[in-house]
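Trainee: Sharing a structure with you now.
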Amino acid sequence: MSEKAQFKTKLGLIAATVGSAVGLGSVWRFPSEVQSNGGAAFLLVYIACVFILGIPVMLAEFSIGRAGGSDAVGSFRNLAPGKKWWLAGALAILTSYLILCYYMVVAGWTFEYMWQSITGHLYEPIATGASDLSAQFSTRMSEYITDDINPLIHTYIIIALNLVILLFGVQKGIERLSNILMPMLFVLLLAFCFVSLSLPKASEGVEFFLKPDFSAITPSVVIRALGQAFFSLSLGMGVLITYASYFPKDTRLIKTSFSVSTSVIFVAFMMGMIIFPAVTSFGLQDRALNGPTLVFATLPQVFEQLPYSQLWSALFFLFLTVAAITSTISIAEVSIAFMQDRCHMSRKAACFTVLLPLFVLSTICSLSQGSMSSVTICGMTIFDLFDYVTANIMLPIGSILLCVYLGWVAKKQLFKDQLTNNGSLTAHSYRIVLFIVRYIAPILIAGILISSFINNE
Ligand code: PFF
C-alpha cells in the first residue's frame with residue numbers, strides 16, 4: 001500500500017478536492033480562453049458544460065475510485081479484472097503527466113510574480129513615473145517569458161518544492177495551509193472585483209464577459225469550453241479516482257461534486273469580473289496580448305489602483321502559487337500512486353521517477369515561449385500544443401471511456417450504490433445522472449470532438 005493522503009475529516013476531504021480543482025485553470029487559463037473564444041458566449045457554454053457534463057462525469061470518477069479503492073489503473077483492474085479497461089486509467093495517468101509539464105511552467109511564472117511583488121521590482125517603473133502603465137506591464141511579462149533563464153529557474157523551484165512536499169508527505173501541512181489560504185483567496189477575489197468594477201470603462205469589459213453574442217458559438221468554442229470545464233474540474237485525469245479511493249463510505253458524492261463545481265465556477269467568474277473590466281479600462285484589448293500572458297499583464301494594473309499595491313500583489317500571487325501547488329501535487333500524486341501500487345516502488349523512488357523527467361519536459365515547454373517559440377507543430381508552440389492536446393482531446397476521450405464503462409459495462413448497481421451510499425441515501429437525481437452518463441455525455445463529447453476535427457480540416 002502506498003502512503004497516500006488520508007482524509008480524516010469531511011472538511012479535509014472537500015478542501016483537498018477543491019484544492020486540486022481550484023488552481024491555475026480557473027485563475028489563469030479561464031480568462032485567456034474567454035478572451036480568445038468569444039467572451040460571454042464562451043462563459044455560457046462553459047457553465048453548461050460544467051453542469052450538464054462535468055458533474056455527472058465527476059460522479060462517475062468518484063464512484064469508480066471509491067468502489068475500486070486504488071489508483072486510476074488499479075481501480076479499473078479491481079472492478080474489471082482480466083479486462084482491458086485499465087487502459088482507460090493509463091490514458092488518464094498519461095494525460096495528467098503531460099499537463100504537469102506545462103502547468104509547472106505557469107506555476108513558475110506565478111512564483112516569479114510573487115517574488116517580484118515582494119521585492120517591489122514588478123512596480124519599479126511605476127515608481128519612476130513612467131507614463132504608459134499598460135505598456136510597462138505587458139512588456140515586462142513578454143520580456144520575462146521570452147527570457148530563457150529566469151522562467152526556467154522558477155519552474156525548477158516549483159518542481160523542487162513539489163518533490164519535497166511529495167517526498168516528505170507533508171500533505172497535511174499543505175492541506176492545512178490551503179484550508180486557511182483558499183478562503184482568503186476567495187475574499188481577495190471579491191475585493192479586487194469591486195476595484196475592477198469601479199474603473200472607468202469597466203462596463204465595456206463586463207458586457208464582453210456577460211452579454212453573449214450567440215453567433216460566436218462555433219464548434220471550436222464548444223470544444224474549448226468543454227476542455228476548460230474538464231481541466232478546471234480536474235476531470236479525466238485519474239485525480240478524482242485516486243482521491244475518491246480515500247473517501248470514507250459515508251461521503252455524499254453528489255454533495256461533494258456540487259461543492260467542488262461551485263467553487264470552481266465562483267473563482268472563474270470572479271476572475272472574469274476582475275480581468276475584463278481592467279482590460280477595457282486600460283485599453284489592453286488593442287495590445288494583442290497573447291492568451292497565457294493576459295492575467296499576468298492585467299492584474300498588476302488592478303493592484304496598482306490600490307494603496308499598498310505591493311502588498312496586495314504579493315498576497316495574491318502567494319495564494320495563487322499555493323493554489324497551483326495544491327493542484328500540481330494532486331496531479332503528480334496520480335503517477336506516484338501508480339508507480340507505488342503497480343510497479344511496487346518505494347515512495348522515494350516513485351517521487352523521483354515521476355518528478356525528475358519533468359525537469360527536462362518542462363524545460364522544453366518553458367523554452368517554447370522563449371527562444372524555441374519559432375518551433376511550431378500544427379501552428380502551435382510546444383507549450384500550446386501540450387495544452388490543446390491534453391485539455392481538448394485527451395481529457396474528452398478519457399471521459400468518454402469512463403462514461404461507457406460506468407454506464408454500460410459495469411453493473412448498474414455499482415453506480416447506484418455509490419451515489420446512494422449503499423441505499424442509505426435517497427438520491428432522486430440518480431436516474432438523471434445515469435441517463436447523462438449513459439447517453440448524453442458520451443454522445444455529446446464524441447460529437448463535439450468530431451465536429452471540432454472536421455472544423456479544423
Ligand atoms: N483543476 C486544476 C486547475 O484548474 O488548475 C488543474 C488540474 C488539477 C488539472 C488536477 C488536472 C488535475 F488532475
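Note on naming: chains are A, B, ... as they come in the C-alpha cells, residues start from 1 per chain, ligands start from 1 in the order shown.
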May I ask you to write as a short mmCIF file (atom, residue, chain, number, x, y, z; two decimals) with N, CA and C atoms, in the first residue's frame all residues lying at most 7 Å from ligand 1, with only C-alpha atoms and all ligand atoms counted?

Mentor:
```cif
data_model
loop_
_atom_site.label_atom_id
_atom_site.label_comp_id
_atom_site.auth_asym_id
_atom_site.auth_seq_id
_atom_site.Cartn_x
_atom_site.Cartn_y
_atom_site.Cartn_z
N SER A 20 -7.33 20.68 -5.31
CA SER A 20 -6.86 20.12 -6.58
C SER A 20 -7.55 20.83 -7.74
N ALA A 21 -8.85 21.07 -7.59
CA ALA A 21 -9.60 21.65 -8.71
C ALA A 21 -9.31 23.14 -8.90
N VAL A 22 -9.37 23.91 -7.81
CA VAL A 22 -9.16 25.35 -7.95
C VAL A 22 -7.67 25.61 -8.08
N GLY A 23 -7.30 26.14 -9.21
CA GLY A 23 -5.87 26.39 -9.43
C GLY A 23 -5.71 27.31 -10.61
N LEU A 24 -4.62 27.11 -11.33
CA LEU A 24 -4.35 28.00 -12.45
C LEU A 24 -5.41 27.88 -13.54
N GLY A 25 -6.10 26.72 -13.56
CA GLY A 25 -7.13 26.53 -14.58
C GLY A 25 -8.19 27.62 -14.52
N SER A 26 -8.67 27.92 -13.31
CA SER A 26 -9.73 28.92 -13.18
C SER A 26 -9.17 30.34 -13.17
N SER A 96 -2.52 13.32 -17.35
CA SER A 96 -2.20 14.16 -16.20
C SER A 96 -0.71 14.50 -16.21
N PHE A 231 -10.76 20.50 -17.54
CA PHE A 231 -9.48 20.87 -16.95
C PHE A 231 -9.69 21.47 -15.57
N SER A 232 -10.64 22.42 -15.50
CA SER A 232 -10.79 23.13 -14.23
C SER A 232 -11.41 22.24 -13.15
N LEU A 233 -12.16 21.23 -13.55
CA LEU A 233 -12.73 20.33 -12.53
C LEU A 233 -11.79 19.16 -12.26
N SER A 234 -10.61 19.15 -12.87
CA SER A 234 -9.63 18.05 -12.73
C SER A 234 -10.21 16.71 -13.18
N LEU A 235 -11.03 16.75 -14.24
CA LEU A 235 -11.68 15.52 -14.67
C LEU A 235 -10.85 14.75 -15.68
N MET A 237 -8.46 12.73 -15.44
CA MET A 237 -7.01 12.59 -15.27
C MET A 237 -6.68 11.63 -14.14
N GLY A 238 -7.68 10.97 -13.62
CA GLY A 238 -7.39 9.99 -12.57
C GLY A 238 -7.23 10.60 -11.19
N VAL A 239 -7.19 11.95 -11.11
CA VAL A 239 -7.02 12.58 -9.80
C VAL A 239 -8.23 12.25 -8.91
N ALA A 324 -1.72 26.74 -7.03
CA ALA A 324 -1.09 25.98 -8.12
C ALA A 324 -0.41 24.73 -7.55
N SER A 327 -2.65 21.96 -6.71
CA SER A 327 -3.07 21.24 -7.91
C SER A 327 -1.94 20.36 -8.44
N THR A 328 -0.70 20.90 -8.49
CA THR A 328 0.38 20.07 -9.06
C THR A 328 0.63 18.82 -8.21
N SER A 330 -1.53 17.21 -6.54
CA SER A 330 -2.60 16.24 -6.78
C SER A 330 -2.38 15.54 -8.11
N ILE A 331 -1.89 16.27 -9.10
CA ILE A 331 -1.66 15.64 -10.41
C ILE A 331 -0.49 14.66 -10.30
#
```

Trainee: Going by DSSP on the backbone, which residues of stretch 19-102 of chain A come out as alpha helix (DSSP H)? List them as a ChimeraX atom specification.

Mentor: /A:19-21,24,30-36,40-48,55-68,72-79,86-102

Trainee: Would you pick out the contacts of A:Ser220 at 10 Å or less, using only C-alpha atoms, so that residues sharing its chain but fewer than 6 positions from it are not included, and give the list as JSON, numbers by chain?

Mentor: {"A": [37, 226, 392, 448, 449, 451, 452, 453, 455, 456]}

Trainee: Just to be explicit: take each residue in the selection above, keep N, CA and C atoms, and write the result as an mmCIF file, in the first residue's frame.

Mentor:
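Below is the file that was written, selection-v7.cif:
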```cif
data_model
loop_
_atom_site.group_PDB
_atom_site.id
_atom_site.type_symbol
_atom_site.label_atom_id
_atom_site.label_comp_id
_atom_site.auth_asym_id
_atom_site.auth_seq_id
_atom_site.Cartn_x
_atom_site.Cartn_y
_atom_site.Cartn_z
ATOM 1 N N ASN A 37 -12.099 33.217 -27.206
ATOM 2 C CA ASN A 37 -13.201 32.409 -27.745
ATOM 3 C C ASN A 37 -14.571 33.060 -27.595
ATOM 4 N N LEU A 226 -15.563 22.910 -23.354
ATOM 5 C CA LEU A 226 -15.605 21.572 -22.760
ATOM 6 C C LEU A 226 -14.241 21.234 -22.150
ATOM 7 N N ASN A 392 -8.132 19.457 -24.685
ATOM 8 C CA ASN A 392 -9.230 19.409 -25.650
ATOM 9 C C ASN A 392 -9.392 18.071 -26.360
ATOM 10 N N ILE A 448 -18.791 16.618 -30.102
ATOM 11 C CA ILE A 448 -18.003 17.852 -30.041
ATOM 12 C C ILE A 448 -16.591 17.602 -30.574
ATOM 13 N N LEU A 449 -16.019 16.465 -30.179
ATOM 14 C CA LEU A 449 -14.657 16.133 -30.637
ATOM 15 C C LEU A 449 -14.622 16.021 -32.165
ATOM 16 N N SER A 451 -16.791 17.111 -34.425
ATOM 17 C CA SER A 451 -17.075 18.345 -35.183
ATOM 18 C C SER A 451 -15.901 19.308 -35.110
ATOM 19 N N SER A 452 -15.142 19.268 -34.016
ATOM 20 C CA SER A 452 -14.014 20.179 -33.966
ATOM 21 C C SER A 452 -12.910 19.720 -34.911
ATOM 22 N N PHE A 453 -12.809 18.390 -35.106
ATOM 23 C CA PHE A 453 -11.807 17.898 -36.070
ATOM 24 C C PHE A 453 -12.198 18.303 -37.487
ATOM 25 N N ASN A 455 -14.061 20.643 -38.365
ATOM 26 C CA ASN A 455 -13.942 22.105 -38.453
ATOM 27 C C ASN A 455 -12.516 22.581 -38.704
ATOM 28 N N ASN A 456 -11.567 21.820 -38.128
ATOM 29 C CA ASN A 456 -10.166 22.202 -38.254
ATOM 30 C C ASN A 456 -9.548 21.810 -39.584
#
```

Trainee: Between atom CA of A:Gly205 and atom CA of A:Thr280, what distance in Å does the model show, to one decimal?

Mentor: 5.3 Å

Trainee: As a CSV table (one decimal) with N, CA and C atoms, in the first residue's frame, please: the residues near stretch 415-426 of chain A (cut-off 7 Å, only C-alpha atoms, same-chain neighbours under 4 positions excluded).

Mentor:
```csv
chain,number,residue,atom,x,y,z
A,63,SER,N,-17.2,7.5,-8.2
A,63,SER,CA,-17.8,6.1,-8.0
A,63,SER,C,-16.7,5.1,-8.3
A,249,LYS,N,-16.8,5.8,3.6
A,249,LYS,CA,-18.1,5.3,3.0
A,249,LYS,C,-19.3,6.2,3.1
A,250,ASP,N,-19.2,7.1,4.1
A,250,ASP,CA,-20.4,8.0,4.2
A,250,ASP,C,-20.3,9.3,3.5
A,253,LEU,N,-21.4,11.8,-2.3
A,253,LEU,CA,-20.7,12.1,-3.6
A,253,LEU,C,-21.4,13.3,-4.3
A,254,ILE,N,-22.7,13.3,-4.4
A,254,ILE,CA,-23.4,14.3,-5.1
A,254,ILE,C,-23.1,15.7,-4.5
A,430,TYR,N,-30.3,10.3,-9.1
A,430,TYR,CA,-29.5,9.2,-9.7
A,430,TYR,C,-29.9,8.9,-11.1
```

Trainee: Between stretch 17-107 of chain A and stretch 369-378 of chain A, at 12 Å or less, what are the per-residue closest atom pairs and their distances in Å? Count only C-alpha atoms, order by chain and rising residue number, and return it as CSV.

Mentor:
```
residue,atom,partner,partner_atom,distance
A:Tyr102,CA,A:Gln369,CA,10.7
A:Val105,CA,A:Gln369,CA,10.0
A:Val106,CA,A:Gln369,CA,10.9
```

Trainee: Would you save the residues of that selection, restricted to all heavy atoms, as a compact mmCIF listing (two decimals), in the first residue's frame?

Mentor:
```
# COMPACT_ATOMS: atom_id res chain seq x y z
N TYR A 102 3.51 21.53 -18.55
CA TYR A 102 3.41 22.99 -18.75
C TYR A 102 2.80 23.70 -17.54
O TYR A 102 3.00 24.89 -17.34
CB TYR A 102 2.65 23.33 -20.04
CG TYR A 102 1.18 23.03 -20.02
CD1 TYR A 102 0.26 23.97 -19.57
CD2 TYR A 102 0.70 21.82 -20.46
CE1 TYR A 102 -1.10 23.69 -19.54
CE2 TYR A 102 -0.64 21.53 -20.44
CZ TYR A 102 -1.54 22.47 -19.99
OH TYR A 102 -2.87 22.19 -19.96
N VAL A 105 5.41 25.17 -15.47
CA VAL A 105 5.98 26.40 -16.04
C VAL A 105 5.14 27.61 -15.61
O VAL A 105 5.68 28.63 -15.13
CB VAL A 105 6.03 26.31 -17.59
CG1 VAL A 105 6.52 27.62 -18.19
CG2 VAL A 105 6.92 25.16 -18.03
N VAL A 106 3.83 27.48 -15.72
CA VAL A 106 2.97 28.61 -15.35
C VAL A 106 3.02 28.84 -13.84
O VAL A 106 3.02 29.98 -13.36
CB VAL A 106 1.51 28.40 -15.83
CG1 VAL A 106 0.67 29.62 -15.56
CG2 VAL A 106 1.48 28.08 -17.31
```

Trainee: Quick one: residues within 12 Å of A:Lys348, only C-alpha atoms, excluding same-chain residues fewer than 3 positions away - as number ranges by chain?

Mentor: A: 2-3, 163-169, 336-337, 339-340, 344-345, 351-356

Trainee: Please identify all polymer residues within 10 Å of A:Leu320, counting only C-alpha atoms, omitting same-chain residues fewer than 5 positions from it, and present them as a PDB file with all heavy atoms, in the first residue's frame.

Mentor:
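What follows is the written file around.pdb:
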```pdb
ATOM      1  N   VAL A  22      -9.369  23.910  -7.806  1.00  0.00           N
ATOM      2  CA  VAL A  22      -9.160  25.351  -7.952  1.00  0.00           C
ATOM      3  C   VAL A  22      -7.669  25.607  -8.080  1.00  0.00           C
ATOM      4  O   VAL A  22      -6.893  25.288  -7.195  1.00  0.00           O
ATOM      5  CB  VAL A  22      -9.722  26.128  -6.740  1.00  0.00           C
ATOM      6  CG1 VAL A  22      -9.326  27.590  -6.815  1.00  0.00           C
ATOM      7  CG2 VAL A  22     -11.224  25.998  -6.689  1.00  0.00           C
ATOM      8  N   GLY A  23      -7.296  26.140  -9.210  1.00  0.00           N
ATOM      9  CA  GLY A  23      -5.873  26.395  -9.431  1.00  0.00           C
ATOM     10  C   GLY A  23      -5.714  27.315 -10.609  1.00  0.00           C
ATOM     11  O   GLY A  23      -6.581  28.159 -10.885  1.00  0.00           O
ATOM     12  N   LEU A  24      -4.617  27.107 -11.327  1.00  0.00           N
ATOM     13  CA  LEU A  24      -4.345  27.996 -12.451  1.00  0.00           C
ATOM     14  C   LEU A  24      -5.409  27.878 -13.536  1.00  0.00           C
ATOM     15  O   LEU A  24      -5.596  28.791 -14.326  1.00  0.00           O
ATOM     16  CB  LEU A  24      -2.976  27.638 -13.033  1.00  0.00           C
ATOM     17  CG  LEU A  24      -1.811  27.861 -12.059  1.00  0.00           C
ATOM     18  CD1 LEU A  24      -0.512  27.321 -12.638  1.00  0.00           C
ATOM     19  CD2 LEU A  24      -1.668  29.340 -11.743  1.00  0.00           C
ATOM     20  N   VAL A  27      -7.971  30.501 -12.632  1.00  0.00           N
ATOM     21  CA  VAL A  27      -7.449  31.856 -12.471  1.00  0.00           C
ATOM     22  C   VAL A  27      -6.695  32.328 -13.718  1.00  0.00           C
ATOM     23  O   VAL A  27      -6.882  33.445 -14.180  1.00  0.00           O
ATOM     24  CB  VAL A  27      -6.522  31.929 -11.237  1.00  0.00           C
ATOM     25  CG1 VAL A  27      -5.935  33.317 -11.070  1.00  0.00           C
ATOM     26  CG2 VAL A  27      -7.279  31.525  -9.988  1.00  0.00           C
ATOM     27  N   TRP A  28      -5.887  31.448 -14.278  1.00  0.00           N
ATOM     28  CA  TRP A  28      -5.058  31.859 -15.414  1.00  0.00           C
ATOM     29  C   TRP A  28      -5.619  31.404 -16.756  1.00  0.00           C
ATOM     30  O   TRP A  28      -5.702  32.164 -17.713  1.00  0.00           O
ATOM     31  CB  TRP A  28      -3.634  31.298 -15.219  1.00  0.00           C
ATOM     32  CG  TRP A  28      -2.845  31.115 -16.461  1.00  0.00           C
ATOM     33  CD1 TRP A  28      -2.217  32.095 -17.176  1.00  0.00           C
ATOM     34  CD2 TRP A  28      -2.600  29.887 -17.163  1.00  0.00           C
ATOM     35  NE1 TRP A  28      -1.597  31.544 -18.267  1.00  0.00           N
ATOM     36  CE2 TRP A  28      -1.814  30.188 -18.285  1.00  0.00           C
ATOM     37  CE3 TRP A  28      -2.966  28.550 -16.967  1.00  0.00           C
ATOM     38  CZ2 TRP A  28      -1.383  29.215 -19.196  1.00  0.00           C
ATOM     39  CZ3 TRP A  28      -2.545  27.576 -17.861  1.00  0.00           C
ATOM     40  CH2 TRP A  28      -1.760  27.919 -18.955  1.00  0.00           C
ATOM     41  N   ALA A 107       3.103  27.755 -13.081  1.00  0.00           N
ATOM     42  CA  ALA A 107       3.248  27.910 -11.623  1.00  0.00           C
ATOM     43  C   ALA A 107       4.540  28.673 -11.329  1.00  0.00           C
ATOM     44  O   ALA A 107       4.602  29.476 -10.388  1.00  0.00           O
ATOM     45  CB  ALA A 107       3.250  26.544 -10.952  1.00  0.00           C
ATOM     46  N   THR A 110       3.962  32.331 -11.721  1.00  0.00           N
ATOM     47  CA  THR A 110       3.247  32.841 -10.547  1.00  0.00           C
ATOM     48  C   THR A 110       4.219  33.105  -9.406  1.00  0.00           C
ATOM     49  O   THR A 110       4.148  34.141  -8.735  1.00  0.00           O
ATOM     50  CB  THR A 110       2.231  31.775 -10.059  1.00  0.00           C
ATOM     51  OG1 THR A 110       1.609  31.226 -11.175  1.00  0.00           O
ATOM     52  CG2 THR A 110       1.210  32.353  -9.161  1.00  0.00           C
ATOM     53  N   PHE A 111       5.126  32.163  -9.229  1.00  0.00           N
ATOM     54  CA  PHE A 111       6.118  32.299  -8.164  1.00  0.00           C
ATOM     55  C   PHE A 111       6.995  33.528  -8.402  1.00  0.00           C
ATOM     56  O   PHE A 111       7.259  34.321  -7.499  1.00  0.00           O
ATOM     57  CB  PHE A 111       6.973  31.026  -8.123  1.00  0.00           C
ATOM     58  CG  PHE A 111       7.918  30.973  -6.964  1.00  0.00           C
ATOM     59  CD1 PHE A 111       7.479  30.577  -5.713  1.00  0.00           C
ATOM     60  CD2 PHE A 111       9.247  31.332  -7.122  1.00  0.00           C
ATOM     61  CE1 PHE A 111       8.347  30.537  -4.636  1.00  0.00           C
ATOM     62  CE2 PHE A 111      10.123  31.303  -6.053  1.00  0.00           C
ATOM     63  CZ  PHE A 111       9.670  30.898  -4.809  1.00  0.00           C
ATOM     64  N   MET A 114       5.150  36.611  -7.565  1.00  0.00           N
ATOM     65  CA  MET A 114       5.055  36.806  -6.112  1.00  0.00           C
ATOM     66  C   MET A 114       6.365  37.424  -5.614  1.00  0.00           C
ATOM     67  O   MET A 114       6.365  38.415  -4.884  1.00  0.00           O
ATOM     68  CB  MET A 114       4.838  35.463  -5.414  1.00  0.00           C
ATOM     69  CG  MET A 114       4.886  35.566  -3.911  1.00  0.00           C
ATOM     70  SD  MET A 114       4.881  33.966  -3.108  1.00  0.00           S
ATOM     71  CE  MET A 114       6.538  33.408  -3.349  1.00  0.00           C
ATOM     72  N   LEU A 181      -5.601  29.489   3.383  1.00  0.00           N
ATOM     73  CA  LEU A 181      -5.352  30.421   2.282  1.00  0.00           C
ATOM     74  C   LEU A 181      -6.471  30.451   1.241  1.00  0.00           C
ATOM     75  O   LEU A 181      -6.744  31.497   0.663  1.00  0.00           O
ATOM     76  CB  LEU A 181      -4.025  30.089   1.605  1.00  0.00           C
ATOM     77  CG  LEU A 181      -2.777  30.336   2.456  1.00  0.00           C
ATOM     78  CD1 LEU A 181      -1.517  30.119   1.646  1.00  0.00           C
ATOM     79  CD2 LEU A 181      -2.761  31.751   3.014  1.00  0.00           C
ATOM     80  N   MET A 182      -7.105  29.305   1.020  1.00  0.00           N
ATOM     81  CA  MET A 182      -8.154  29.265  -0.009  1.00  0.00           C
ATOM     82  C   MET A 182      -9.323  30.222   0.288  1.00  0.00           C
ATOM     83  O   MET A 182      -9.685  31.019  -0.555  1.00  0.00           O
ATOM     84  CB  MET A 182      -8.679  27.836  -0.209  1.00  0.00           C
ATOM     85  CG  MET A 182      -7.763  27.006  -1.035  1.00  0.00           C
ATOM     86  SD  MET A 182      -7.760  27.649  -2.728  1.00  0.00           S
ATOM     87  CE  MET A 182      -6.486  26.670  -3.409  1.00  0.00           C
ATOM     88  N   LEU A 185      -8.205  33.610  -0.368  1.00  0.00           N
ATOM     89  CA  LEU A 185      -8.131  33.902  -1.808  1.00  0.00           C
ATOM     90  C   LEU A 185      -9.512  34.321  -2.321  1.00  0.00           C
ATOM     91  O   LEU A 185      -9.655  35.276  -3.084  1.00  0.00           O
ATOM     92  CB  LEU A 185      -7.629  32.671  -2.566  1.00  0.00           C
ATOM     93  CG  LEU A 185      -7.572  32.777  -4.088  1.00  0.00           C
ATOM     94  CD1 LEU A 185      -6.515  33.778  -4.527  1.00  0.00           C
ATOM     95  CD2 LEU A 185      -7.282  31.436  -4.749  1.00  0.00           C
ATOM     96  N   ALA A 314       1.595  40.882  -3.714  1.00  0.00           N
ATOM     97  CA  ALA A 314       2.359  39.768  -3.141  1.00  0.00           C
ATOM     98  C   ALA A 314       1.407  38.724  -2.562  1.00  0.00           C
ATOM     99  O   ALA A 314       1.582  37.523  -2.770  1.00  0.00           O
ATOM    100  CB  ALA A 314       3.302  40.284  -2.063  1.00  0.00           C
ATOM    101  N   LEU A 315       0.348  39.206  -1.878  1.00  0.00           N
ATOM    102  CA  LEU A 315      -0.612  38.275  -1.282  1.00  0.00           C
ATOM    103  C   LEU A 315      -1.302  37.443  -2.352  1.00  0.00           C
ATOM    104  O   LEU A 315      -1.405  36.230  -2.259  1.00  0.00           O
ATOM    105  CB  LEU A 315      -1.688  39.059  -0.523  1.00  0.00           C
ATOM    106  CG  LEU A 315      -1.399  39.383   0.931  1.00  0.00           C
ATOM    107  CD1 LEU A 315      -2.567  40.150   1.530  1.00  0.00           C
ATOM    108  CD2 LEU A 315      -1.174  38.092   1.722  1.00  0.00           C
ATOM    109  N   ILE A 325       0.238  24.891  -6.401  1.00  0.00           N
ATOM    110  CA  ILE A 325       0.952  23.740  -5.840  1.00  0.00           C
ATOM    111  C   ILE A 325      -0.017  22.667  -5.334  1.00  0.00           C
ATOM    112  O   ILE A 325       0.223  21.475  -5.513  1.00  0.00           O
ATOM    113  CB  ILE A 325       1.943  24.190  -4.732  1.00  0.00           C
ATOM    114  CG1 ILE A 325       3.090  24.967  -5.407  1.00  0.00           C
ATOM    115  CG2 ILE A 325       2.512  22.999  -3.963  1.00  0.00           C
ATOM    116  CD1 ILE A 325       4.139  25.504  -4.473  1.00  0.00           C
ATOM    117  N   THR A 326      -1.153  23.092  -4.755  1.00  0.00           N
ATOM    118  CA  THR A 326      -2.112  22.053  -4.324  1.00  0.00           C
ATOM    119  C   THR A 326      -2.635  21.286  -5.543  1.00  0.00           C
ATOM    120  O   THR A 326      -3.007  20.116  -5.430  1.00  0.00           O
ATOM    121  CB  THR A 326      -3.317  22.631  -3.537  1.00  0.00           C
ATOM    122  OG1 THR A 326      -3.900  23.673  -4.311  1.00  0.00           O
ATOM    123  CG2 THR A 326      -2.919  23.146  -2.191  1.00  0.00           C
TER     124      THR A 326
END
```

Trainee: Would you kindly return, as a PyMOL selection string, each protein, DNA or RNA residue with an atom no farther than 10 Å from any atom of A:Ala441, considering only C-alpha atoms and excluding same-chain residues fewer than 6 positions away?

Mentor: chain A and resi 49+52-54+56-57+396+399-400+403-404+433-435+447

Trainee: So which one's closest to A:Ala332, A:Phe42, A:Tyr103, A:Phe296, A:Tyr123? Using only C-alpha atoms, please.

Mentor: A:Tyr103

Trainee: Which value, in Å to one decimal, gives the distance between atom CA of A:Val360 and atom CA of A:Leu395?

Mentor: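 We find that atom CA of A:Val360 and atom CA of A:Leu395 lie 23.4 Å from each other.
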
Trainee: When distances are computed from only C-alpha atoms, which of A:Gly227, A:Gly69, A:Pro219, A:Pro31 shows the smallest separation from A:Pro292?

Mentor: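 Nearest to A:Pro292: A:Pro31.
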
Trainee: To one decimal in Å, tell me the separation between atom CA of A:Gly65 and atom CA of A:Asn78.

Mentor: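 Between atom CA of A:Gly65 and atom CA of A:Asn78 the gap works out to 10.2 Å.
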